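K.L.:
entry-v1.txt (compact mmCIF, C-alpha atoms and all ligand atoms) pasted underneath:
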# COMPACT_ATOMS: atom_id res chain seq x y z
CA MET A 20 97.48 104.22 45.60
CA MET A 21 96.76 105.70 49.04
CA GLN A 22 97.88 103.59 52.00
CA ARG A 23 96.44 103.64 55.47
CA THR A 24 96.63 101.45 58.54
CA ILE A 25 93.40 101.51 60.50
CA PRO A 26 93.53 99.98 63.97
CA VAL A 27 90.56 98.11 65.36
CA ARG A 28 91.11 98.35 69.10
CA LEU A 29 89.36 95.51 70.84
CA LYS A 30 91.23 95.05 74.08
CA ARG A 31 88.84 94.68 76.96
CA VAL A 32 88.71 93.02 80.31
CA VAL A 33 85.55 91.06 80.91
CA ASN A 34 84.91 89.07 84.03
CA ARG A 35 83.50 85.76 82.86
CA SER A 36 84.07 83.95 86.16
CA TYR A 37 81.36 81.60 87.29
CA ALA A 38 80.59 79.28 90.15
CA VAL A 39 80.17 75.52 90.16
CA ARG A 40 77.71 74.72 92.94
CA VAL A 41 77.71 71.15 94.21
CA GLU A 42 74.78 70.22 96.43
CA VAL A 43 72.32 67.37 96.78
CA GLY A 44 68.94 68.58 95.48
CA ILE A 45 70.34 71.74 93.87
CA VAL A 46 68.31 71.14 90.69
CA ASP A 47 65.24 72.03 92.73
CA SER A 48 66.72 75.47 93.48
CA LEU A 49 66.95 76.42 89.80
CA PRO A 50 63.59 78.26 89.73
CA GLU A 51 64.80 80.45 92.61
CA PHE A 52 68.13 81.09 90.81
CA PHE A 53 66.32 82.12 87.64
CA ARG A 54 63.79 84.29 89.45
CA ARG A 55 66.66 86.18 91.07
CA ASN A 56 68.96 86.43 88.07
CA TRP A 57 66.90 85.99 84.94
CA GLY A 58 63.64 87.80 85.75
CA ARG A 59 61.37 87.92 82.75
CA ARG A 60 63.86 86.61 80.23
CA ARG A 61 63.15 83.35 78.46
CA ILE A 62 64.67 80.01 79.40
CA PHE A 63 65.20 77.11 76.99
CA ILE A 64 66.05 73.73 78.50
CA ILE A 65 67.93 71.53 76.05
CA THR A 66 68.14 67.88 77.04
CA ASP A 67 68.11 64.37 75.60
CA THR A 68 65.16 62.01 75.48
CA ASN A 69 66.21 60.03 78.60
CA VAL A 70 67.03 62.98 80.82
CA GLY A 71 64.01 64.89 79.56
CA ARG A 72 61.79 62.08 80.83
CA LEU A 73 63.65 61.67 84.13
CA TYR A 74 64.30 65.30 85.12
CA GLY A 75 63.47 67.69 82.26
CA ARG A 76 59.69 67.67 82.55
CA ARG A 77 59.91 68.15 86.31
CA LEU A 78 62.28 71.10 85.93
CA LEU A 79 60.10 72.64 83.22
CA ARG A 80 57.05 72.34 85.46
CA ALA A 81 58.89 73.87 88.43
CA LEU A 82 60.11 76.82 86.32
CA SER A 83 56.65 77.41 84.87
CA LEU A 84 54.97 77.20 88.29
CA SER A 85 57.40 79.90 89.46
CA GLY A 86 56.04 82.18 86.77
CA LEU A 87 59.08 81.85 84.51
CA ASP A 88 58.84 81.64 80.73
CA ALA A 89 60.45 78.27 80.02
CA SER A 90 60.38 75.76 77.14
CA MET A 91 62.07 72.40 76.65
CA LEU A 92 63.66 70.89 73.55
CA ASP A 93 65.09 67.40 73.34
CA PHE A 94 67.05 65.20 70.95
CA PRO A 95 67.73 61.44 70.89
CA ALA A 96 70.15 60.34 73.63
CA GLY A 97 73.64 59.21 72.59
CA GLU A 98 76.88 60.26 70.93
CA GLU A 99 75.26 59.85 67.48
CA SER A 100 73.38 63.07 68.21
CA LYS A 101 76.57 65.10 68.53
CA ASN A 102 76.32 66.27 64.93
CA ALA A 103 75.58 69.31 62.77
CA ALA A 104 72.07 68.13 61.83
CA VAL A 105 70.97 68.02 65.47
CA VAL A 106 72.55 71.42 66.13
CA PHE A 107 70.83 72.93 63.09
CA ALA A 108 67.47 71.42 64.09
CA LEU A 109 67.87 72.97 67.55
CA HIS A 110 68.80 76.33 66.00
CA SER A 111 65.65 76.20 63.88
CA GLN A 112 63.40 75.27 66.80
CA LEU A 113 64.87 78.03 69.00
CA LEU A 114 64.48 80.64 66.27
CA GLY A 115 60.92 79.41 65.67
CA LEU A 116 60.20 79.86 69.37
CA GLY A 117 61.53 83.42 69.27
CA ILE A 118 64.81 83.06 71.16
CA ARG A 119 66.48 86.41 71.87
CA ARG A 120 69.99 87.46 72.82
CA ASP A 121 68.95 87.86 76.44
CA SER A 122 67.47 84.35 76.63
CA CYS A 123 69.26 81.57 78.49
CA ILE A 124 69.84 77.95 77.54
CA VAL A 125 69.96 75.26 80.22
CA ALA A 126 72.02 72.20 79.21
CA LEU A 127 70.39 69.44 81.27
CA GLY A 128 72.07 66.08 80.73
CA GLY A 129 75.33 64.24 80.26
CA GLY A 130 78.40 65.30 78.31
CA VAL A 131 76.64 64.94 74.97
CA VAL A 132 73.89 67.36 75.99
CA GLY A 133 76.43 69.76 77.51
CA ASP A 134 78.56 69.76 74.36
CA VAL A 135 75.62 70.07 71.94
CA ALA A 136 73.53 72.57 73.93
CA GLY A 137 76.66 74.57 74.75
CA PHE A 138 77.56 74.72 71.05
CA VAL A 139 74.02 75.80 70.19
CA ALA A 140 74.32 78.52 72.86
CA ALA A 141 77.69 79.59 71.43
CA THR A 142 76.32 79.92 67.91
CA VAL A 143 72.65 80.91 67.96
CA LEU A 144 72.33 84.69 67.47
CA ARG A 145 76.17 84.74 67.67
CA GLY A 146 76.17 83.45 71.21
CA ILE A 147 73.89 83.62 74.22
CA SER A 148 74.24 82.65 77.90
CA PHE A 149 73.94 79.08 79.05
CA ILE A 150 73.92 77.10 82.25
CA GLN A 151 75.26 73.60 82.72
CA VAL A 152 73.22 71.14 84.77
CA PRO A 153 75.25 67.93 84.34
CA THR A 154 73.42 64.69 85.12
CA THR A 155 76.11 62.04 84.51
CA LEU A 156 79.15 61.57 86.70
CA LEU A 157 81.33 62.19 83.65
CA ALA A 158 79.69 65.52 82.96
CA GLN A 159 79.80 66.53 86.64
CA VAL A 160 83.43 65.64 87.04
CA ASP A 161 84.69 66.97 83.74
CA SER A 162 82.71 68.20 80.76
CA SER A 163 80.39 70.74 82.39
CA VAL A 164 83.31 72.90 83.54
CA GLY A 165 85.71 74.64 81.21
CA GLY A 166 83.63 75.84 78.28
CA LYS A 167 84.62 73.33 75.62
CA VAL A 168 81.50 72.79 73.52
CA GLY A 169 81.07 71.17 70.16
CA ILE A 170 80.16 68.25 67.97
CA ASP A 171 81.80 65.37 66.10
CA HIS A 172 82.59 65.36 62.38
CA PRO A 173 82.91 62.34 60.04
CA LYS A 174 86.65 63.12 60.08
CA GLY A 175 86.90 62.76 63.85
CA LYS A 176 85.62 63.49 67.30
CA ASN A 177 85.01 66.99 68.69
CA LEU A 178 86.45 68.59 65.56
CA ILE A 179 83.83 71.33 65.33
CA GLY A 180 83.32 73.53 68.35
CA ALA A 181 83.99 76.60 70.38
CA PHE A 182 85.07 77.83 73.77
CA HIS A 183 81.92 79.14 75.38
CA GLN A 184 81.87 79.25 79.16
CA PRO A 185 78.63 78.68 81.04
CA VAL A 186 77.39 81.41 83.38
CA ALA A 187 76.85 78.84 86.14
CA VAL A 188 77.13 75.11 86.77
CA PHE A 189 74.74 73.22 89.06
CA VAL A 190 76.00 69.81 90.12
CA ASP A 191 73.40 67.67 91.87
CA PRO A 192 74.83 64.32 93.03
CA ALA A 193 71.24 63.14 93.72
CA VAL A 194 70.57 62.66 89.99
CA LEU A 195 73.30 60.03 89.83
CA LYS A 196 70.91 57.59 91.53
CA THR A 197 69.22 56.84 88.20
CA LEU A 198 72.47 56.54 86.26
CA PRO A 199 73.15 53.07 84.78
CA VAL A 200 76.25 51.37 86.27
CA THR A 201 78.17 51.48 82.99
CA GLU A 202 77.63 55.25 82.77
CA PHE A 203 78.75 55.63 86.40
CA LYS A 204 81.98 53.80 85.52
CA ASN A 205 82.47 56.07 82.53
CA GLY A 206 82.51 58.97 84.96
CA LEU A 207 84.96 57.20 87.26
CA ALA A 208 87.34 56.96 84.30
CA GLU A 209 87.49 60.77 84.00
CA MET A 210 87.96 61.03 87.77
CA VAL A 211 90.93 58.66 87.61
CA LYS A 212 92.23 60.66 84.66
CA ILE A 213 92.40 63.98 86.46
CA ALA A 214 93.90 62.38 89.57
CA ALA A 215 96.52 60.45 87.59
CA ALA A 216 97.34 63.52 85.52
CA VAL A 217 97.62 66.22 88.17
CA ASP A 218 96.99 65.11 91.76
CA LYS A 219 98.69 62.13 93.37
CA ARG A 220 96.83 62.78 96.64
CA LEU A 221 93.44 62.41 94.97
CA PHE A 222 94.79 59.34 93.22
CA GLY A 223 95.83 57.92 96.61
CA ARG A 224 92.33 58.53 98.02
CA ILE A 225 90.74 56.76 95.06
CA GLU A 226 93.26 53.93 95.42
CA ARG A 227 92.53 53.41 99.12
CA ARG A 228 88.73 53.51 98.77
CA ALA A 229 88.19 52.01 95.29
CA GLY A 230 85.81 49.29 96.54
CA VAL A 231 83.62 51.80 98.40
CA ILE A 232 83.63 54.23 95.47
CA ARG A 233 82.60 51.47 93.08
CA ARG A 234 79.56 50.76 95.24
CA GLY A 235 78.55 54.41 94.81
CA ASN A 236 79.04 55.66 98.39
CA GLU A 237 77.37 59.07 98.21
CA ARG A 238 79.40 60.98 100.80
CA LEU A 239 82.75 59.80 99.55
CA LEU A 240 81.75 60.35 95.95
CA GLY A 241 80.60 63.87 96.78
CA SER A 242 83.94 64.83 98.28
CA LEU A 243 85.94 63.26 95.42
CA LEU A 244 83.68 65.05 92.97
CA VAL A 245 84.38 68.40 94.59
CA ARG A 246 88.14 67.81 94.50
CA ALA A 247 88.05 66.72 90.85
CA ILE A 248 86.08 69.85 89.90
CA GLU A 249 88.50 72.06 91.83
CA LEU A 250 91.39 70.53 89.91
CA LYS A 251 89.68 70.98 86.56
CA ALA A 252 88.76 74.59 87.41
CA ALA A 253 92.38 75.31 88.36
CA VAL A 254 93.64 74.00 85.01
CA VAL A 255 91.00 75.94 83.06
CA GLU A 256 91.81 79.16 84.96
CA LYS A 257 95.44 78.86 83.87
CA ASP A 258 94.81 77.87 80.26
CA GLU A 259 91.23 78.50 79.18
CA PHE A 260 91.91 78.21 75.45
CA ASP A 261 93.96 75.01 75.48
CA ALA A 262 97.22 76.66 74.48
CA GLY A 263 99.43 74.41 76.60
CA LEU A 264 98.80 73.27 80.15
CA ARG A 265 95.16 72.25 79.57
CA ALA A 266 96.41 69.39 77.43
CA VAL A 267 97.21 67.53 80.68
CA LEU A 268 93.48 66.76 80.70
CA ASN A 269 93.96 64.82 77.49
CA PHE A 270 95.74 61.94 79.20
CA GLY A 271 94.24 58.80 77.64
CA HIS A 272 92.29 60.85 75.13
CA THR A 273 94.42 60.65 71.99
CA LEU A 274 93.85 56.91 71.77
CA ALA A 275 90.35 57.23 73.27
CA HIS A 276 89.09 59.48 70.49
CA ALA A 277 90.38 57.09 67.83
CA ILE A 278 88.93 54.08 69.70
CA GLU A 279 85.53 55.77 69.92
CA ALA A 280 85.42 57.03 66.34
CA SER A 281 86.69 53.78 64.77
CA SER A 282 84.12 51.77 66.76
CA GLY A 283 81.38 53.93 65.23
CA TYR A 284 80.87 55.28 68.78
CA SER A 285 79.68 51.89 70.04
CA ILE A 286 82.45 52.25 72.66
CA LYS A 287 81.42 55.13 74.92
CA HIS A 288 83.73 58.03 75.75
CA GLY A 289 84.41 57.06 79.39
CA ALA A 290 85.19 53.43 78.53
CA ALA A 291 87.43 54.57 75.66
CA VAL A 292 89.24 56.95 78.04
CA ALA A 293 89.88 54.05 80.43
CA MET A 294 91.28 51.90 77.60
CA GLY A 295 93.25 54.88 76.32
CA MET A 296 94.77 55.63 79.74
CA ALA A 297 95.89 52.03 80.25
CA SER A 298 97.42 51.85 76.76
CA GLU A 299 99.03 55.29 76.86
CA ALA A 300 100.51 54.45 80.28
CA ARG A 301 101.91 51.23 78.81
CA ILE A 302 103.44 53.25 75.98
CA ALA A 303 104.95 55.67 78.53
CA MET A 304 106.45 52.74 80.38
CA ARG A 305 107.82 51.19 77.18
CA MET A 306 109.33 54.56 76.27
CA GLY A 307 111.10 54.67 79.63
CA LEU A 308 109.05 57.65 80.84
CA LEU A 309 106.92 55.92 83.48
CA ARG A 310 108.12 53.49 86.14
CA GLU A 311 106.67 49.98 85.93
CA SER A 312 105.47 50.27 89.54
CA ASP A 313 103.41 53.38 88.69
CA PHE A 314 102.00 51.69 85.60
CA LYS A 315 100.91 48.74 87.74
CA ARG A 316 99.39 51.07 90.35
CA LEU A 317 97.27 52.75 87.70
CA LEU A 318 96.07 49.44 86.31
CA LEU A 319 95.25 48.09 89.78
CA VAL A 320 93.08 51.10 90.62
CA MET A 321 91.29 50.95 87.30
CA ARG A 322 90.60 47.23 87.71
CA ALA A 323 89.39 47.78 91.28
CA LEU A 324 86.90 50.34 89.93
CA GLY A 325 85.77 47.90 87.25
CA LEU A 326 87.16 49.95 84.37
CA PRO A 327 88.24 48.34 81.08
CA VAL A 328 92.03 48.31 80.73
CA LYS A 329 92.49 46.18 77.63
CA PHE A 330 93.09 47.83 74.28
CA PRO A 331 89.97 46.84 72.28
CA ARG A 332 89.91 44.78 69.12
CA ILE A 333 90.12 47.27 66.27
CA THR A 334 88.01 45.97 63.41
CA SER A 335 89.23 48.55 60.91
CA ARG A 336 92.85 49.66 61.15
CA PRO A 337 92.47 52.30 58.44
CA LYS A 338 89.53 53.83 60.33
CA PHE A 339 91.52 53.83 63.57
CA LEU A 340 94.62 55.39 62.00
CA PHE A 341 92.50 57.93 60.14
CA ALA A 342 90.75 58.94 63.36
CA LEU A 343 94.08 59.08 65.17
CA SER A 344 95.64 61.34 62.56
CA ALA A 345 92.57 63.57 62.50
CA ASP A 346 92.89 64.10 66.22
CA LYS A 347 93.39 67.79 66.78
CA LYS A 348 96.40 67.02 68.94
CA ALA A 349 98.20 65.84 65.81
CA SER A 350 100.55 68.57 64.71
CA GLY A 351 102.19 68.39 61.32
CA ASN A 352 102.78 64.74 60.59
CA ARG A 353 103.57 63.86 64.15
CA LEU A 354 101.22 62.65 66.83
CA LYS A 355 101.55 64.36 70.18
CA PHE A 356 100.37 62.56 73.31
CA THR A 357 99.86 63.53 76.92
CA LEU A 358 101.71 60.83 78.82
CA LEU A 359 102.29 60.05 82.49
CA LYS A 360 105.70 60.58 83.97
CA GLY A 361 104.47 59.48 87.35
CA ILE A 362 101.22 59.26 89.28
CA GLY A 363 99.85 62.80 89.44
CA HIS A 364 102.29 64.06 86.82
CA ALA A 365 101.29 64.17 83.16
CA VAL A 366 103.51 65.71 80.51
CA VAL A 367 102.11 67.17 77.31
CA GLY A 368 103.30 67.13 73.71
CA VAL A 369 105.18 63.83 73.79
CA GLU A 370 105.91 62.41 70.36
CA VAL A 371 105.14 58.70 70.23
CA PRO A 372 107.02 56.75 67.54
CA THR A 373 104.68 54.82 65.20
CA PRO A 374 105.96 51.34 66.17
CA PHE A 375 104.40 51.77 69.62
CA ILE A 376 101.01 52.36 68.00
CA LEU A 377 101.45 49.45 65.62
CA GLU A 378 102.37 47.24 68.57
CA LEU A 379 99.00 48.06 70.16
CA LEU A 380 97.16 47.32 66.94
CA ASN A 381 99.00 44.05 66.40
CA GLY A 382 98.19 42.97 69.95
CA SER A 383 94.52 43.80 69.43
CA ARG A 384 93.87 41.14 66.81
P1 LIG A 401 75.92 60.99 77.54
O1 LIG A 401 75.66 62.42 77.61
O2 LIG A 401 75.60 60.28 76.28
O3 LIG A 401 75.12 60.29 78.74
C1 LIG A 401 75.17 58.89 78.87
C2 LIG A 401 73.76 58.27 78.97
O4 LIG A 401 73.24 58.50 80.26
C3 LIG A 401 72.76 58.86 77.99
O5 LIG A 401 71.97 57.81 77.49
C4 LIG A 401 71.92 59.78 78.85
O6 LIG A 401 70.63 59.95 78.37
C5 LIG A 401 71.93 59.05 80.17
N1 LIG A 401 71.75 59.86 81.36
C6 LIG A 401 72.27 61.09 81.62
N2 LIG A 401 72.01 61.44 82.88
C7 LIG A 401 71.29 60.45 83.44
C8 LIG A 401 70.75 60.23 84.73
N3 LIG A 401 70.94 61.07 85.73
N4 LIG A 401 70.08 59.08 84.95
C9 LIG A 401 69.92 58.16 83.96
N5 LIG A 401 70.43 58.30 82.73
C10 LIG A 401 71.12 59.43 82.48
O7 LIG A 401 77.42 60.63 77.87
P2 LIG A 401 78.48 61.21 78.91
O8 LIG A 401 79.33 60.05 79.25
O9 LIG A 401 77.85 61.98 79.99
O10 LIG A 401 79.31 62.26 78.05
C11 LIG A 401 80.16 61.84 77.01
C12 LIG A 401 80.41 63.01 76.10
O11 LIG A 401 81.06 64.05 76.83
C13 LIG A 401 81.31 62.69 74.93
O12 LIG A 401 80.74 63.17 73.75
C14 LIG A 401 82.59 63.42 75.24
O13 LIG A 401 83.27 63.81 74.08
C15 LIG A 401 82.07 64.60 76.01
N6 LIG A 401 83.09 65.23 76.87
C16 LIG A 401 83.25 66.58 76.78
C17 LIG A 401 84.16 67.22 77.58
C18 LIG A 401 84.28 68.72 77.50
O14 LIG A 401 85.19 69.27 78.14
N7 LIG A 401 83.41 69.40 76.80
C19 LIG A 401 84.94 66.49 78.49
C20 LIG A 401 84.74 65.12 78.58
C21 LIG A 401 83.80 64.50 77.76
N1 LIG A 402 88.16 67.43 78.94
C1 LIG A 402 89.27 68.12 78.42
C2 LIG A 402 89.23 69.60 78.61
O1 LIG A 402 88.30 70.15 79.13
O2 LIG A 402 90.15 70.26 78.24
Take the structure in this file and express it as structure tokens.

P.N.:
Amino acid sequence: MMQRTIPVRLKRVVNRSYAVRVEVGIVDSLPEFFRRNWGRRRIFIITDTNVGRLYGRRLLRALSLSGLDASMLDFPAGEESKNAAVVFALHSQLLGLGIRRDSCIVALGGGVVGDVAGFVAATVLRGISFIQVPTTLLAQVDSSVGGKVGIDHPKGKNLIGAFHQPVAVFVDPAVLKTLPVTEFKNGLAEMVKIAAAVDKRLFGRIERRAGVIRRGNERLLGSLLVRAIELKAAVVEKDEFDAGLRAVLNFGHTLAHAIEASSGYSIKHGAAVAMGMASEARIAMRMGLLRESDFKRLLLVMRALGLPVKFPRITSRPKFLFALSADKKASGNRLKFTLLKGIGHAVVGVEVPTPFILELLNGSR
């Protein structure tokens, strides 16, 4: 039998850099951005029912008045929509509307919209461009930057997805005015996470001004937001595909994903991250990795911001353990956590012995 080796040479250098623009009122400059960069190509805003009502219709009108060819699609707000049925319905609507490879999707909303619309953009017609316009603090501070898009699966959270970077991110702090307080706190949790994981100076700033931040001081929030995005961008630049360093951003998340999934997503992501950070920091302290004084500092800041620090009551242990083991950070039979070694210093890939998890569960009854 003849033998041949046929190379398929695919090495290429593509510049996929993009800018995250942070500015009050920047949503209103989107028509101008599209006129300059998108010309006659079609724009599809994907949003959820809440954000569609608050900002989507206005944006659609502004784009249309500028002579741009724009349409808007929405789906019910909430984590329950992060599923394959919603993605498929969006695919069908987009194909029905004649989406083409040179069209652009605008993800207008919180982290759920960003993840779902980004995944739709990554998959429809094998991938088209998309823009992130995050409207929750959580999405502005974290999920809109970095290109992780995807949906949940009955086996666990965020298990189906892709890396698909946006072509631009527009962060408008003005839209946070309509955000419910609980959602604002969910965003603060991710801000504390990045500070605790990689930047003790940012953590110190949050610590000193926690009361003011909690009241939503716009100027201060704006500058913290910018710093948090810079930190996230720096991590993503070094490890876009989550091969190592990027796991620092998972501090609090291994437990958080299991808390969320086993609660049937009645506990929101940000709240679960707060609970996860407090519990994972306690584990780090019990394992002798984190000093008690640093553990207490973390808890004090979180309490001052009004974040939940107690491990929740787990109604179904099997569900929790199943979700924990399905977490993509589980490798082989062992669970790997991102734990704090100090404030501003997270370490990745730490094996946590099962008794520490059982201790949490026993305490939660
Ligand atoms: P969300 O998208 O569900 O938004 C929370 C609620 O706020 C929704 O009801 C939404 O309609 C509403 N809302 C959004 N903007 C508003 C505004 N300006 N005013 C009033 N209401 C508004 O939740 P979230 O907390 O933004 O995102 C959580 C999701 O993000 C989770 O699914 C999580 O897994 C994901 N996430 C992804 C990444 C990533 O890197 N891709 C990172 C962190 C979190
Ligand atoms: N939010 C985690 C990440 O972007 O990697």

K.L.:
Report the closest atom pair, with its distance in Å rounded to one decimal, for each residue of stretch 160-214 of chain A that has an atom no farther than 12 Å from stretch 350-365 of chain A; count only C-alpha atoms, sort by chain and then rising residue number, and write it as CSV.

P.N.:
residue,atom,partner,partner_atom,distance
A:Val211,CA,A:Gly363,CA,10.0
A:Lys212,CA,A:Gly363,CA,9.2
A:Ile213,CA,A:Gly363,CA,8.1
A:Ala214,CA,A:Gly363,CA,6.0

K.L.:
Please provide as a VMD selection string all residues within 9 Å of stretch 377-381 of chain A, with the sequence filter that same-chain residues fewer than 4 positions apart are discarded (counting all atoms listed in the file).

P.N.:
chain A and resid 298 302 330 to 333 336 373

K.L.:
Write out as a list in words each polymer residue (protein, DNA or RNA) that has an atom no more than 7 Å from ligand LIG 402 (chain A), with only C-alpha atoms and all ligand atoms counted.

P.N.:
Asp161, Ser162, Gly165, Lys167, Asp261, Arg265, Ala266, Leu268 and Asn269 of chain A

K.L.:
Using all atoms listed in the file, find each residue with an atom at most 8 Å away from ligand LIG 401 (chain A) and format the answer as a PyMOL selection string.

P.N.:
chain A and resi 67-70+73-74+96-98+101+128-134+153-158+161-170+176-177+194-199+202+205-206+209+287-289

K.L.:
Next, the residues of the selection above should be written as a PDB file, in the frame of the given file with C-alpha atoms.

P.N.:
ATOM      1  CA  ASP A  67      68.110  64.370  75.600  1.00  0.00           C
ATOM      2  CA  THR A  68      65.160  62.010  75.480  1.00  0.00           C
ATOM      3  CA  ASN A  69      66.210  60.030  78.600  1.00  0.00           C
ATOM      4  CA  VAL A  70      67.030  62.980  80.820  1.00  0.00           C
ATOM      5  CA  LEU A  73      63.650  61.670  84.130  1.00  0.00           C
ATOM      6  CA  TYR A  74      64.300  65.300  85.120  1.00  0.00           C
ATOM      7  CA  ALA A  96      70.150  60.340  73.630  1.00  0.00           C
ATOM      8  CA  GLY A  97      73.640  59.210  72.590  1.00  0.00           C
ATOM      9  CA  GLU A  98      76.880  60.260  70.930  1.00  0.00           C
ATOM     10  CA  LYS A 101      76.570  65.100  68.530  1.00  0.00           C
ATOM     11  CA  GLY A 128      72.070  66.080  80.730  1.00  0.00           C
ATOM     12  CA  GLY A 129      75.330  64.240  80.260  1.00  0.00           C
ATOM     13  CA  GLY A 130      78.400  65.300  78.310  1.00  0.00           C
ATOM     14  CA  VAL A 131      76.640  64.940  74.970  1.00  0.00           C
ATOM     15  CA  VAL A 132      73.890  67.360  75.990  1.00  0.00           C
ATOM     16  CA  GLY A 133      76.430  69.760  77.510  1.00  0.00           C
ATOM     17  CA  ASP A 134      78.560  69.760  74.360  1.00  0.00           C
ATOM     18  CA  PRO A 153      75.250  67.930  84.340  1.00  0.00           C
ATOM     19  CA  THR A 154      73.420  64.690  85.120  1.00  0.00           C
ATOM     20  CA  THR A 155      76.110  62.040  84.510  1.00  0.00           C
ATOM     21  CA  LEU A 156      79.150  61.570  86.700  1.00  0.00           C
ATOM     22  CA  LEU A 157      81.330  62.190  83.650  1.00  0.00           C
ATOM     23  CA  ALA A 158      79.690  65.520  82.960  1.00  0.00           C
ATOM     24  CA  ASP A 161      84.690  66.970  83.740  1.00  0.00           C
ATOM     25  CA  SER A 162      82.710  68.200  80.760  1.00  0.00           C
ATOM     26  CA  SER A 163      80.390  70.740  82.390  1.00  0.00           C
ATOM     27  CA  VAL A 164      83.310  72.900  83.540  1.00  0.00           C
ATOM     28  CA  GLY A 165      85.710  74.640  81.210  1.00  0.00           C
ATOM     29  CA  GLY A 166      83.630  75.840  78.280  1.00  0.00           C
ATOM     30  CA  LYS A 167      84.620  73.330  75.620  1.00  0.00           C
ATOM     31  CA  VAL A 168      81.500  72.790  73.520  1.00  0.00           C
ATOM     32  CA  GLY A 169      81.070  71.170  70.160  1.00  0.00           C
ATOM     33  CA  ILE A 170      80.160  68.250  67.970  1.00  0.00           C
ATOM     34  CA  LYS A 176      85.620  63.490  67.300  1.00  0.00           C
ATOM     35  CA  ASN A 177      85.010  66.990  68.690  1.00  0.00           C
ATOM     36  CA  VAL A 194      70.570  62.660  89.990  1.00  0.00           C
ATOM     37  CA  LEU A 195      73.300  60.030  89.830  1.00  0.00           C
ATOM     38  CA  LYS A 196      70.910  57.590  91.530  1.00  0.00           C
ATOM     39  CA  THR A 197      69.220  56.840  88.200  1.00  0.00           C
ATOM     40  CA  LEU A 198      72.470  56.540  86.260  1.00  0.00           C
ATOM     41  CA  PRO A 199      73.150  53.070  84.780  1.00  0.00           C
ATOM     42  CA  GLU A 202      77.630  55.250  82.770  1.00  0.00           C
ATOM     43  CA  ASN A 205      82.470  56.070  82.530  1.00  0.00           C
ATOM     44  CA  GLY A 206      82.510  58.970  84.960  1.00  0.00           C
ATOM     45  CA  GLU A 209      87.490  60.770  84.000  1.00  0.00           C
ATOM     46  CA  LYS A 287      81.420  55.130  74.920  1.00  0.00           C
ATOM     47  CA  HIS A 288      83.730  58.030  75.750  1.00  0.00           C
ATOM     48  CA  GLY A 289      84.410  57.060  79.390  1.00  0.00           C
TER      49      GLY A 289
END

K.L.:
Can you tell me, as a list in words, what residues are no more than 8 Å from stretch 312-317 of chain A when counting only C-alpha atoms, ignoring any on the same chain fewer than 6 positions away?

P.N.:
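Non-adjacent residues within range: Ala215, Ala297, Ala300, Arg301, Met304, Gly361 and Ile362 of chain A.
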
K.L.:
Smallest atom-to-atom distance to A:Glu99: which of A:Ala345, A:Ile225, A:Met321, A:Ile286, using all atoms listed in the file?

P.N.:
A:Ile286

K.L.:
Given all atoms listed in the file as the basis, pick out the residue of A:Gly271, A:Gly223, A:Gly325, A:Gly175 nearest to A:Gly283.

P.N.:
A:Gly175

K.L.:
Hey, which of A:Met20, A:Val190, A:Leu116, A:Ile25 ends up closest to A:Val46? Count only C-alpha atoms.

P.N.:
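Checking each candidate against A:Val46, we get A:Val190 as the closest.
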
K.L.:
How many Å separate atom CA of A:Arg119 from atom CA of A:Gly137?

P.N.:
15.9 Å

K.L.:
Considering only C-alpha atoms, can you say which of A:Ala216, A:Val231, A:Gly180, A:Ala104 comes closest to A:Leu264?

P.N.:
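Checking each candidate against A:Leu264, we get A:Ala216 as the closest.
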
K.L.:
Got a sec to check which residues sit within 10 Å of (71.2, 80.1, 89.6), counting only C-alpha atoms, and write them as a compact mmCIF listing (two decimals) with C-alpha atoms, in the frame of the given file?

P.N.:
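Result file follows (point39.txt):
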# COMPACT_ATOMS: atom_id res chain seq x y z
CA ALA A 38 80.59 79.28 90.15
CA ARG A 40 77.71 74.72 92.94
CA ILE A 45 70.34 71.74 93.87
CA VAL A 46 68.31 71.14 90.69
CA SER A 48 66.72 75.47 93.48
CA LEU A 49 66.95 76.42 89.80
CA PRO A 50 63.59 78.26 89.73
CA GLU A 51 64.80 80.45 92.61
CA PHE A 52 68.13 81.09 90.81
CA PHE A 53 66.32 82.12 87.64
CA ARG A 54 63.79 84.29 89.45
CA ARG A 55 66.66 86.18 91.07
CA ASN A 56 68.96 86.43 88.07
CA TRP A 57 66.90 85.99 84.94
CA ILE A 150 73.92 77.10 82.25
CA VAL A 186 77.39 81.41 83.38
CA ALA A 187 76.85 78.84 86.14
CA VAL A 188 77.13 75.11 86.77
CA PHE A 189 74.74 73.22 89.06

K.L.:
If we count all atoms listed in the file, what is near A:Arg238 at a cut-off of 10 Å, once residues fewer than 6 positions away on the same chain are taken out, given as a list in words?

P.N.:
Pro192, Ile232 and Leu244 of chain A

K.L.:
Here is a test: counting only C-alpha atoms, which residue of A:Asp171, A:Glu226, A:Asp218, A:Asp121 is nearest to A:Leu319?

P.N.:
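For A:Leu319, the nearest of the given residues is A:Glu226.
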
K.L.:
When you draw a straight line from atom CA of A:Met210 to atom CA of A:Ala342, how long is it in Å?

P.N.:
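About the pair atom CA of A:Met210 and atom CA of A:Ala342: they are 24.7 Å apart.
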